[in-house]
Each structure stands twice: as C-alpha cells, then as structure tokens.
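Asker: To start, I am sharing the structure in question, which I have written as structure tokens.
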Amino acid sequence: MTVSPDPQTVPGGVSSTAFDGSRVRVLLMLDVHDGAQQQFLDAYERMRHRVAAVPGHLSDQLCQSLENPTQWLLTSEWESAPPFLAWVNSEQHLDMVEPLADCVRDTRSLRYTVLRETTGTDAAPAPGSVALQSAPRTGDNVVRHALTFTVTPGSESKVAEILSGYASPQPVVNDTTRLLRTSLFLHGNRVVRAVEVRGDLQDALRHVSRQPEVRAVEQAIDPYLEQERDLTDPKSARVFFTRAALPAVHHTASGRPEGSAATRCALFLPALPGRGEELARLLARQDETVTAHGPVLAATVFHRDDIVVRLVDVDGDPEDAPGPVLALADAPSAAEAGRLLDAAALGLDGPPTDERAVRRLLAHARMQPLTDRHAAAS
C-alpha cells in the first residue's frame, strides 16, 4: 500500500487524507423504535456475518444503552479508510442494511482513524496488526463532502439554468454548525455539488434538506434525473444519497490567503474500470508538493468507484498552470495518470504524454461552473 506523506508536511497549511493507511473506527448511533428492540437485534444477526466478509472489515460490536433501551451503538473497525468508504457508499451496503431501516427512528455515523491505542500491560501486539495514524492531521474545523448524479442527455442546459438560479438556504444550522460554501459544476450530463461545513456535516445536510429554497430546486430537477427519486420518502432519499455520495478522500491547503484573483475550478477525471482509487492516491501524493509552492492554494480530491473529481482553488487563471492544477506537474506523474485515466471518456485520443496533452486534458476535464456561494464563517 502506498502511503501519503506525513500530513504535517504543508507548513502553516491544512492537510487531511484517507490514504495514510491507518485503522478506522466507525461509531453508528441508532435510536430504535419503541418495542422494536428484538426485531432490530434479529435483523442485525442476519446481516452481521455478511458484513464480516466485506474486504477490510476487522470487527464490530453491538451495544445497548444502560439507561435507555431504545438507544444502541454499533462500532466497527476497518483496516483503513478506502475499503470502508467503498463499502458504505455501495449498493451492497444498501442491500445489507435495508432490514434495519424499519426498526430505526434515527441514526448518526461518526468515523475516526485510530491515533493511539493502550492495552493491558500483559497484552502483546497482534501479529501483523494494522497501522495506527502516525501524527495528528492539521485541520480547520471544515468538513468537505460532495454529491454527484446524472441527468438525462439533452436536459443539461435546463438543469444548469435551475441550479444556477436558486435562492441560498439559511447558513446557520445551530450553535456549532454553519454552511460555509456550496459549489456546483456540470460535466456532460454529470452534476457535482461540493459543500463545505463548519461543524457537523450530518446536521448541516439535514438542515439543508428542510429549507424551502432547496426543496423547490430539488423538485424542479427531479424530472430530469436519470435515476428516479422521491426525497419525501425516507427509503428513496436514503438510496439516492448513498448512490450520490462522493466522499472527500484528501484535502490540502497551502495556508496562503486567497486573493481577489483566486479561481475555483473542478476537474472530472474518470478512471479506467477498477483504477479509481489508484488515481485518487496519485493526485493526493502530488498535492503535498503542488500546494507547497506555486499557484494552487487548496485542493480536494473526491472519489468513489471509478469517479474522481478534483476541486482546486488557484491564484490566477487555471490555464496558466495546467500541470499543478491537475496535480500532474512532472512527466512521471503524467505518465502514471495516463495508465489510470479513461481518456476516451473525456473525448481524448491518448494519455497526457507532454505539456500540450496536459493542456488538452485540463480543457476536457474542466467542469462547467454553475454556482459558487459563500456564507460568512462566523
């Protein structure tokens, strides 16, 4: 496994990655319907051995509250973040957890990497035990997430019009959570919505889903979606948001202030079948160098399956620095990307083998910006 550089290698900046190889602990808090405790336990018994067979899964525990029998806690450990993220956003996951849905009133998921671990003095380390996180990540109390979905071919201009003109939702969620920024992009018939939240992402997403401005725009684009959904139906909404999730797997910021010339751009980088994680790792490795100097102020890599999206804040025009903007600033990285990218899906006739080809890749991968909205951080 290739591990990204130490997250503190960006002096004065921010760096967070899902590719450091450290073990992951997931806590799923569940509020079970009154009287449904045995039904919930039976459903868990039917699914737990299937989950245990998922690649990367190490263990899990089901716990019930001492004080309130309707409150349960499901903890699980995973070898690292990528296999967990691949599973939790998959159709396989939707199928496995469906029997639990009728029993549960509410859920909250918390995901952590394991930084330190203390065992009994007589306990020896397990042979071949997976790695702990080597050092704390440097963060800015901002959570980054994206959703992606496709619309019917031919409807792109109408969808772009709808998504460019909607009214902004209220930014304040509660005393600790606030919406900071929402950026929407279009590439072909694929929409990507990237959000930045200070505080709790799940609280923010629930808040946004209840806002009348957002409900109106979601209803307006429903007729144009390739996959039908009904956001008023909890099951349909759960399926849609699982399929649409595009997790942020790496973020790097230089720490340099964003001036008036800063430009935000998104790049759609489809990978060859089964090569998406490798491509995301390549971009993450390059970002530690790219953001240390040069025009790239910050970059976020989003990934699921064979979809990779790179969101970049650039000091100036992205076309003036195609290599750094793509995180392919040297010949070896461009050659490696060429083995992973689905060039044909971008309408290219070959990999980015020289500077001219890198410029063509930037032009073909760059997404059409629809809206980029800020809210005050305080």
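Following the order of the structure tokens, chains are lettered A, B, ..., residues in each are numbered from 1, and ligands are numbered from 1.
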DSSP on the backbone: what in range 186-246 of chain A comes out strand (DSSP E), as a compact mmCIF listing (two decimals) with C-alpha atoms, in the first residue's frame?

Answerer:
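Contents of part_35.txt, as written:
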```txt
# COMPACT_ATOMS: atom_id res chain seq x y z
CA LEU A 186 -21.58 20.25 -14.67
CA HIS A 187 -19.58 17.99 -17.00
CA ARG A 190 -22.98 14.78 -14.64
CA VAL A 191 -23.65 17.23 -11.82
CA VAL A 192 -21.28 17.62 -8.85
CA ARG A 193 -22.28 19.61 -5.77
CA ALA A 194 -19.42 20.24 -3.31
CA VAL A 195 -20.19 21.61 0.15
CA GLU A 196 -18.06 22.96 2.98
CA VAL A 197 -19.46 22.92 6.50
CA ARG A 198 -18.05 24.19 9.77
CA ALA A 245 -22.17 10.32 -2.17
CA LEU A 246 -18.75 11.40 -3.38
```

Asker: I'd like to know which residues of range 55-178 of chain A are helix (DSSP H, G or I) (by DSSP, run on the backbone); could you write them as a PyMOL selection string?

Answerer: chain A and resi 81-88+91-101+156-164

Asker: Restricting the calculation to only C-alpha atoms, which member of A:Glu79, A:Glu355, A:Asp342, A:Asp315 is positioned closest to Ala261 in chain A?

Answerer: A:Asp315

Asker: Determine, counting only C-alpha atoms, which protein, DNA and RNA residues have an atom within 12 Å of an atom of Asn68 in chain A; residues of the same chain fewer than 6 positions away are not included. Present the result as a VMD selection string.

Answerer: chain A and resid 30 to 34 37

Asker: Please dump the current selection as a tab-separated table (two decimals), in the first residue's frame; keep N, CA, C and O atoms.

Answerer:
```tsv
chain	number	residue	atom	x	y	z
A	30	LEU	N	-27.74	4.61	17.00
A	30	LEU	CA	-29.07	4.31	16.48
A	30	LEU	C	-30.12	4.52	17.56
A	30	LEU	O	-29.92	4.12	18.71
A	31	ASP	N	-31.23	5.10	17.15
A	31	ASP	CA	-32.39	5.25	18.03
A	31	ASP	C	-33.48	4.32	17.47
A	31	ASP	O	-34.04	4.58	16.40
A	32	VAL	N	-33.72	3.22	18.19
A	32	VAL	CA	-34.63	2.18	17.71
A	32	VAL	C	-36.06	2.50	18.15
A	32	VAL	O	-36.29	2.99	19.26
A	33	HIS	N	-37.01	2.22	17.27
A	33	HIS	CA	-38.42	2.47	17.60
A	33	HIS	C	-38.81	1.73	18.88
A	33	HIS	O	-38.33	0.61	19.15
A	34	ASP	N	-39.71	2.33	19.65
A	34	ASP	CA	-40.20	1.71	20.88
A	34	ASP	C	-40.75	0.32	20.58
A	34	ASP	O	-41.56	0.14	19.66
A	37	GLN	N	-36.95	-3.54	19.74
A	37	GLN	CA	-35.58	-3.95	20.08
A	37	GLN	C	-35.26	-5.36	19.58
A	37	GLN	O	-34.19	-5.61	19.02
```

Asker: At what distance in Å, to one decimal, does CA of Leu311 in chain A lie from CA of Arg264 in chain A?

Answerer: 7.2 Å
